[in-house]
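Chemist: Data file target.txt (compact mmCIF, C-alpha atoms and all ligand atoms) is appended below.
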```txt
# COMPACT_ATOMS: atom_id res chain seq x y z
CA MET N 8 68.74 -13.43 -39.04
CA THR N 9 68.80 -9.97 -40.70
CA ARG N 10 71.39 -7.69 -39.08
CA PHE N 11 71.00 -3.92 -38.53
CA SER N 12 74.03 -1.66 -37.91
CA VAL N 13 73.50 1.97 -36.89
CA LEU N 14 76.24 4.50 -37.65
CA PRO N 15 76.32 8.16 -36.58
CA ASP N 16 75.75 9.90 -39.89
CA PRO N 17 75.47 9.47 -43.70
CA ALA N 18 79.24 9.81 -44.23
CA ALA N 19 79.92 6.97 -41.78
CA VAL N 20 77.26 4.79 -43.42
CA CYS N 21 78.63 5.41 -46.91
CA ALA N 22 82.24 4.82 -45.80
CA ALA N 23 81.15 1.54 -44.20
CA MET N 24 79.49 0.52 -47.48
CA ALA N 25 82.56 1.47 -49.50
CA ASP N 26 84.70 -0.69 -47.20
CA LEU N 27 82.17 -3.51 -47.46
CA VAL N 28 82.22 -3.41 -51.28
CA VAL N 29 86.03 -3.59 -51.29
CA GLU N 30 86.08 -6.41 -48.74
CA SER N 31 83.41 -8.41 -50.61
CA ALA N 32 85.16 -7.90 -53.94
CA ALA N 33 88.58 -8.95 -52.65
CA ALA N 34 87.11 -12.06 -51.00
CA ALA N 35 85.09 -13.14 -54.07
CA ILE N 36 87.99 -12.55 -56.47
CA ASP N 37 90.32 -14.47 -54.17
CA GLU N 38 87.83 -17.33 -53.93
CA GLN N 39 86.42 -17.54 -57.46
CA GLY N 40 88.30 -15.06 -59.64
CA ILE N 41 85.27 -12.87 -60.21
CA PHE N 42 83.02 -10.50 -58.20
CA ARG N 43 79.48 -9.90 -59.41
CA ILE N 44 77.65 -6.96 -57.88
CA ALA N 45 74.20 -5.47 -58.43
CA LEU N 46 74.49 -1.72 -57.88
CA SER N 47 71.77 0.31 -56.18
CA GLY N 48 70.03 3.21 -57.80
CA GLY N 49 68.87 6.43 -56.17
CA GLY N 50 70.93 9.12 -54.50
CA THR N 51 72.85 7.40 -51.71
CA PRO N 52 75.36 5.74 -54.07
CA LYS N 53 76.51 9.22 -55.14
CA THR N 54 78.23 9.52 -51.75
CA VAL N 55 79.69 6.01 -51.82
CA TYR N 56 81.13 6.10 -55.35
CA PRO N 57 83.76 8.84 -54.65
CA MET N 58 84.80 6.93 -51.51
CA LEU N 59 85.47 3.84 -53.68
CA LEU N 60 87.80 5.99 -55.79
CA GLU N 61 89.95 6.90 -52.79
CA PRO N 62 93.32 5.20 -53.49
CA HIS N 63 93.31 2.93 -50.45
CA ARG N 64 90.02 1.41 -51.65
CA ARG N 65 90.46 1.76 -55.42
CA ASP N 66 93.85 0.04 -55.33
CA ALA N 67 92.64 -2.83 -53.14
CA VAL N 68 90.54 -4.41 -55.91
CA ASP N 69 91.43 -5.92 -59.32
CA TRP N 70 88.58 -4.14 -61.15
CA SER N 71 89.16 -6.25 -64.28
CA ARG N 72 87.57 -9.10 -62.29
CA VAL N 73 84.47 -7.15 -61.26
CA GLU N 74 81.23 -7.62 -63.17
CA PHE N 75 78.74 -4.74 -62.78
CA PHE N 76 74.97 -5.16 -62.90
CA TRP N 77 72.10 -3.00 -61.67
CA GLY N 78 69.25 -3.78 -59.29
CA ASP N 79 66.90 -1.54 -61.22
CA GLU N 80 66.79 1.19 -63.83
CA ARG N 81 64.54 3.99 -64.90
CA ALA N 82 63.03 4.22 -68.39
CA VAL N 83 65.55 6.88 -69.46
CA PRO N 84 68.62 6.87 -71.74
CA PRO N 85 72.02 6.20 -70.17
CA ASP N 86 73.05 9.87 -70.35
CA ASP N 87 69.97 11.05 -68.46
CA PRO N 88 70.71 12.42 -64.94
CA GLN N 89 68.04 10.01 -63.65
CA SER N 90 69.85 6.98 -65.06
CA ASN N 91 71.21 4.68 -62.35
CA PHE N 92 73.71 3.39 -64.91
CA GLY N 93 74.64 6.91 -65.97
CA VAL N 94 75.38 7.96 -62.39
CA ALA N 95 77.44 4.85 -61.65
CA TYR N 96 79.33 5.04 -64.93
CA ALA N 97 80.21 8.73 -64.66
CA MET N 98 80.97 8.78 -60.92
CA LEU N 99 82.69 5.40 -60.57
CA ILE N 100 83.11 2.89 -63.39
CA ALA N 101 84.67 5.26 -65.96
CA ARG N 102 87.16 6.34 -63.28
CA LEU N 103 88.27 2.85 -62.22
CA PRO N 104 91.34 1.17 -63.75
CA ASN N 105 91.07 -1.96 -65.93
CA VAL N 106 87.29 -2.40 -65.92
CA ARG N 107 86.35 -4.72 -68.79
CA PRO N 108 83.57 -3.22 -70.96
CA ALA N 109 82.08 -6.69 -71.49
CA ARG N 110 81.59 -6.89 -67.72
CA ILE N 111 79.40 -3.78 -67.54
CA HIS N 112 75.79 -4.93 -67.88
CA ARG N 113 73.50 -1.91 -68.29
CA MET N 114 69.73 -2.43 -67.97
CA PRO N 115 68.21 -1.04 -71.21
CA ALA N 116 65.10 0.27 -69.43
CA GLU N 117 64.51 2.89 -72.10
CA ALA N 118 63.66 0.19 -74.65
CA PRO N 119 60.21 0.61 -76.27
CA ASP N 120 59.33 -3.01 -75.48
CA LEU N 121 60.29 -3.13 -71.80
CA ASP N 122 59.19 -6.72 -71.29
CA ALA N 123 61.35 -7.94 -74.17
CA ALA N 124 64.25 -5.88 -72.80
CA ALA N 125 63.74 -7.43 -69.35
CA LEU N 126 63.80 -10.91 -70.89
CA GLY N 127 66.97 -9.91 -72.71
CA TYR N 128 68.61 -8.80 -69.47
CA GLU N 129 67.56 -12.05 -67.86
CA SER N 130 69.38 -13.91 -70.65
CA GLU N 131 72.43 -11.73 -70.07
CA LEU N 132 72.34 -12.73 -66.39
CA ARG N 133 71.98 -16.41 -67.31
CA VAL N 134 75.07 -16.25 -69.56
CA ALA N 135 77.13 -14.25 -67.06
CA PHE N 136 76.28 -16.53 -64.13
CA GLY N 137 76.09 -19.77 -66.13
CA THR N 138 72.71 -20.57 -64.61
CA ARG N 139 70.42 -23.22 -66.08
CA GLY N 140 66.69 -23.95 -65.99
CA GLY N 141 64.91 -22.31 -63.07
CA GLU N 142 68.11 -21.31 -61.25
CA PHE N 143 68.42 -17.66 -60.21
CA PRO N 144 71.75 -15.76 -60.52
CA ALA N 145 73.56 -15.71 -57.17
CA PHE N 146 75.15 -12.28 -56.86
CA ASP N 147 78.15 -11.98 -54.59
CA LEU N 148 76.74 -8.68 -53.41
CA VAL N 149 73.39 -6.96 -53.96
CA TRP N 150 73.46 -3.30 -52.87
CA LEU N 151 70.01 -1.91 -52.19
CA GLY N 152 68.45 1.31 -50.97
CA MET N 153 64.98 1.88 -49.52
CA GLY N 154 62.50 4.64 -50.18
CA PRO N 155 60.35 6.30 -47.46
CA ASP N 156 57.47 4.09 -48.65
CA GLY N 157 59.51 0.95 -48.03
CA HIS N 158 60.21 0.20 -51.70
CA THR N 159 63.54 -1.27 -52.72
CA ALA N 160 65.02 -1.45 -56.20
CA SER N 161 61.86 -0.78 -58.23
CA LEU N 162 59.67 -3.06 -56.14
CA PHE N 163 57.02 -0.61 -54.96
CA PRO N 164 54.23 -1.32 -52.46
CA GLY N 165 51.23 -2.77 -54.25
CA SER N 166 53.07 -3.19 -57.56
CA ALA N 167 52.73 -6.24 -59.79
CA ALA N 168 56.42 -7.23 -59.55
CA LEU N 169 56.01 -8.05 -55.83
CA ASP N 170 54.28 -11.29 -56.80
CA GLU N 171 56.88 -12.39 -59.36
CA THR N 172 58.35 -15.81 -58.55
CA GLU N 173 59.54 -17.06 -61.96
CA ARG N 174 61.28 -14.16 -63.67
CA ALA N 175 64.59 -12.63 -62.49
CA VAL N 176 63.98 -9.33 -64.29
CA VAL N 177 60.68 -7.58 -65.02
CA ALA N 178 59.19 -4.27 -66.01
CA ASN N 179 57.32 -2.60 -63.16
CA TRP N 180 55.25 0.57 -62.78
CA ALA N 181 56.56 3.22 -60.38
CA PRO N 182 53.89 5.42 -58.77
CA HIS N 183 56.08 8.46 -57.95
CA PRO N 184 57.14 9.75 -60.38
CA ARG N 185 54.71 7.83 -62.54
CA ALA N 186 56.91 5.86 -64.93
CA TRP N 187 57.94 2.40 -66.05
CA ARG N 188 61.05 0.81 -64.61
CA MET N 189 63.06 -2.38 -64.96
CA THR N 190 63.92 -4.29 -61.80
CA LEU N 191 65.42 -7.47 -60.39
CA THR N 192 62.87 -9.52 -58.45
CA PHE N 193 62.70 -11.04 -54.96
CA PRO N 194 63.94 -14.49 -56.07
CA VAL N 195 67.20 -12.89 -57.22
CA PHE N 196 67.64 -11.04 -53.93
CA ASP N 197 66.89 -14.28 -52.06
CA ALA N 198 69.54 -16.15 -54.09
CA ALA N 199 72.29 -13.59 -53.36
CA ARG N 200 75.26 -14.49 -51.16
CA ARG N 201 75.06 -11.09 -49.49
CA VAL N 202 72.52 -8.25 -49.58
CA VAL N 203 73.25 -4.88 -48.01
CA PHE N 204 70.72 -2.10 -47.59
CA VAL N 205 72.24 1.37 -47.26
CA VAL N 206 69.64 3.72 -45.75
CA GLU N 207 70.01 7.20 -44.38
CA GLY N 208 67.79 10.11 -43.40
CA LYS N 209 64.92 10.90 -41.07
CA ASN N 210 62.40 10.44 -43.87
CA LYS N 211 63.11 6.70 -43.81
CA ALA N 212 62.68 6.32 -40.02
CA ASP N 213 59.00 5.28 -40.12
CA ALA N 214 59.63 2.61 -42.74
CA ILE N 215 62.73 1.38 -40.91
CA ARG N 216 60.78 1.13 -37.65
CA ALA N 217 58.09 -0.91 -39.45
CA VAL N 218 60.66 -3.21 -41.09
CA ARG N 219 62.50 -3.82 -37.80
CA ALA N 220 59.21 -4.52 -35.98
CA GLY N 221 58.38 -7.16 -38.61
CA GLY N 222 55.09 -7.95 -40.26
CA SER N 223 55.04 -4.66 -42.17
CA GLY N 224 54.61 -6.30 -45.57
CA LEU N 225 56.83 -3.54 -46.99
CA PRO N 226 58.84 -4.64 -50.05
CA ALA N 227 62.18 -3.96 -48.33
CA GLU N 228 61.24 -6.23 -45.43
CA ARG N 229 60.62 -9.10 -47.81
CA VAL N 230 64.35 -9.19 -48.55
CA SER N 231 65.43 -11.02 -45.45
CA GLY N 232 67.57 -13.88 -44.19
CA GLU N 233 71.10 -14.83 -43.17
CA GLY N 234 72.92 -12.88 -45.84
CA VAL N 235 70.94 -9.67 -45.44
CA GLU N 236 72.21 -6.69 -43.48
CA TRP N 237 71.28 -3.05 -43.10
CA LEU N 238 73.59 -0.07 -42.68
CA LEU N 239 71.59 2.80 -41.17
CA ASP N 240 72.45 6.26 -39.98
CA ALA N 241 71.07 7.44 -36.62
CA ALA N 242 68.37 9.50 -38.33
CA ALA N 243 66.98 6.57 -40.31
CA ALA N 244 67.21 4.39 -37.19
CA GLY N 245 65.15 6.95 -35.28
CA GLU N 246 68.04 7.39 -32.81
CA GLU N 247 68.91 10.96 -33.72
CA SER N 248 69.37 12.97 -30.53
CA GLY N 249 67.79 16.43 -30.21
C1 LIG I 301 66.05 3.85 -57.57
C2 LIG I 301 66.49 2.92 -56.50
C3 LIG I 301 65.60 3.01 -55.30
C4 LIG I 301 66.43 3.73 -54.25
C5 LIG I 301 65.59 4.18 -53.10
C6 LIG I 301 66.44 5.00 -52.12
O1 LIG I 301 66.25 3.56 -58.75
O2 LIG I 301 65.58 4.93 -57.17
O3 LIG I 301 66.83 1.74 -56.85
O4 LIG I 301 65.15 1.78 -54.81
O5 LIG I 301 67.45 2.84 -53.80
O6 LIG I 301 64.55 4.99 -53.61
O7 LIG I 301 66.93 6.13 -52.79
P1 LIG I 301 67.91 7.18 -52.04
O8 LIG I 301 69.19 6.46 -51.83
O9 LIG I 301 68.02 8.32 -53.01
O10 LIG I 301 67.24 7.53 -50.76
```
Now, as a test, write the supplied structure out as structure tokens.
Ligand code: 6PG

Modeler:
Amino acid sequence: MTRFSVLPDPAAVCAAMADLVVESAAAAIDEQGIFRIALSGGGTPKTVYPMLLEPHRRDAVDWSRVEFFWGDERAVPPDDPQSNFGVAYAMLIARLPNVRPARIHRMPAEAPDLDAAALGYESELRVAFGTRGGEFPAFDLVWLGMGPDGHTASLFPGSAALDETERAVVANWAPHPRAWRMTLTFPVFDAARRVVFVVEGKNKADAIRAVRAGGSGLPAERVSGEGVEWLLDAAAAGEESG
């Protein structure tokens, strides 16, 4: 059953996610010696990343045992302000102690042949997770956001990647702004041990209402099941008073 938690405001939502990342990392490292996370793109992570650098959280994790991946990436170079990798690297990863460069897996979505690059990233996942044949990588934590149109990662309503059942990573066309992207696919999200959506803002309330009612067909709703939970602020949950 997918769980929804509503917190008063964006700061509370982002602090809850920062605590959840630390808790998931500590548990996975304790259990298996490694923590593999798929980071979200978009703007919300920019509030969470500084919270992860606060000493009580930063010092609670052995970052040398954390392996960083991305849920999706824009077709821009890593130093572009739009780059999900660039934001995470500058605001978090470069500021953490003991991160191992070989455990930072950037999606090369600026590659001229995006499909070949997606296949290459899929191979990188296979090596990192030690998966074989048709197995999908089982992330310890997938961190997702949701757009007002109900997209998540770069799985947009009506886009080709929604129907992907074989590949873990594909190129996909984004309608606004019109551009190519690289994204993980639903089978990867379904294989994850834990998926957390972090959603804030009134502009998401309609999509959240549709997802919670069920039967919306929105991409974000298709990521569902036992290990899926949503952290919402009151505005996104449509509970904002006044
Ligand atoms: C991206 C994201 C995308 C994002 C949502 C929410 O690359 O843009 O992966 O799916 O999570 O659009 O973005 P905000 O957090 O900025 O609302």

Chemist: Rank N:Ser12, N:Ser31, N:Ser71, N:Ser90 by their smallest atom-to-atom distance to Gly48 (chain N), using all atoms listed in the file, and report the top residue only.

Modeler: N:Ser90

Chemist: With 8 Å on each side, where is the centre of the axis-aligned box around all listed atoms of region 117-131 of chain N, and how long are its edges in Å to one decimal, as AutoDock Vina command-line options?

Modeler:
```
--center_x 65.8 --center_y -5.5 --center_z -72.1 --size_x 29.2 --size_y 32.8 --size_z 24.4
```

Chemist: Between CA of Thr190 (chain N) and atom O9 of ligand LIG 301 (chain I), measure the distance and give it in Å to one decimal.

Modeler: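 Between these atoms lies a distance of 15.9 Å.
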
Chemist: I'd like to know which of N:Trp180, N:Phe204, N:Phe136, N:Phe143 is closest to Thr159 (chain N), using only C-alpha atoms.

Modeler: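 Of all the options, N:Phe204 lies closest to Thr159 (chain N).
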
Chemist: Let me have all residues with an atom within 8 Å of ligand LIG 301 (chain I), counting all atoms listed in the file, laid out as an MDAnalysis selection string.

Modeler: chainID N and resid 47:52 78:81 91 151:155 158:162 205:208

Chemist: Generate a file of the selected residues that holds C-alpha atoms, formatted as a PDB file, keeping the file's coordinate frame.

Modeler:
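Contents of the output file out-v1.pdb:
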```
ATOM      1  CA  SER N  47      71.770   0.310 -56.180  1.00  0.00           C
ATOM      2  CA  GLY N  48      70.030   3.210 -57.800  1.00  0.00           C
ATOM      3  CA  GLY N  49      68.870   6.430 -56.170  1.00  0.00           C
ATOM      4  CA  GLY N  50      70.930   9.120 -54.500  1.00  0.00           C
ATOM      5  CA  THR N  51      72.850   7.400 -51.710  1.00  0.00           C
ATOM      6  CA  PRO N  52      75.360   5.740 -54.070  1.00  0.00           C
ATOM      7  CA  GLY N  78      69.250  -3.780 -59.290  1.00  0.00           C
ATOM      8  CA  ASP N  79      66.900  -1.540 -61.220  1.00  0.00           C
ATOM      9  CA  GLU N  80      66.790   1.190 -63.830  1.00  0.00           C
ATOM     10  CA  ARG N  81      64.540   3.990 -64.900  1.00  0.00           C
ATOM     11  CA  ASN N  91      71.210   4.680 -62.350  1.00  0.00           C
ATOM     12  CA  LEU N 151      70.010  -1.910 -52.190  1.00  0.00           C
ATOM     13  CA  GLY N 152      68.450   1.310 -50.970  1.00  0.00           C
ATOM     14  CA  MET N 153      64.980   1.880 -49.520  1.00  0.00           C
ATOM     15  CA  GLY N 154      62.500   4.640 -50.180  1.00  0.00           C
ATOM     16  CA  PRO N 155      60.350   6.300 -47.460  1.00  0.00           C
ATOM     17  CA  HIS N 158      60.210   0.200 -51.700  1.00  0.00           C
ATOM     18  CA  THR N 159      63.540  -1.270 -52.720  1.00  0.00           C
ATOM     19  CA  ALA N 160      65.020  -1.450 -56.200  1.00  0.00           C
ATOM     20  CA  SER N 161      61.860  -0.780 -58.230  1.00  0.00           C
ATOM     21  CA  LEU N 162      59.670  -3.060 -56.140  1.00  0.00           C
ATOM     22  CA  VAL N 205      72.240   1.370 -47.260  1.00  0.00           C
ATOM     23  CA  VAL N 206      69.640   3.720 -45.750  1.00  0.00           C
ATOM     24  CA  GLU N 207      70.010   7.200 -44.380  1.00  0.00           C
ATOM     25  CA  GLY N 208      67.790  10.110 -43.400  1.00  0.00           C
TER      26      GLY N 208
END
```

Chemist: Using only C-alpha atoms, which residues sit within 7 Å of Glu233 (chain N) once same-chain residues fewer than 2 positions away are excluded, as a VMD selection string?

Modeler: chain N and resid 8 to 9 235

Chemist: Could the residues in this selection be saved with C-alpha atoms as a PDB file, in the frame of the given file?

Modeler:
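This went into result_5.pdb:
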```pdb
ATOM      1  CA  MET N   8      68.740 -13.430 -39.040  1.00  0.00           C
ATOM      2  CA  THR N   9      68.800  -9.970 -40.700  1.00  0.00           C
ATOM      3  CA  VAL N 235      70.940  -9.670 -45.440  1.00  0.00           C
TER       4      VAL N 235
END
```

Chemist: Restricting the calculation to only C-alpha atoms: of N:Gly245, N:Pro182, N:Pro144, N:Gly224, which residue gets closest to Phe76 (chain N)?

Modeler: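 Distance minimum relative to Phe76 (chain N) lands on N:Pro144.
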
Chemist: So how far away is CA of Ala175 (chain N) from CA of Glu129 (chain N), in Å?

Modeler: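 Separating CA of Glu129 (chain N) from CA of Ala175 (chain N) is a distance of 6.2 Å.
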
Chemist: Of the candidates N:Ala135, N:Ala214, N:Leu169, N:Val177, which one gets nearest to Phe193 (chain N) if we count only C-alpha atoms?

Modeler: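 Of all the options, N:Leu169 lies closest to Phe193 (chain N).
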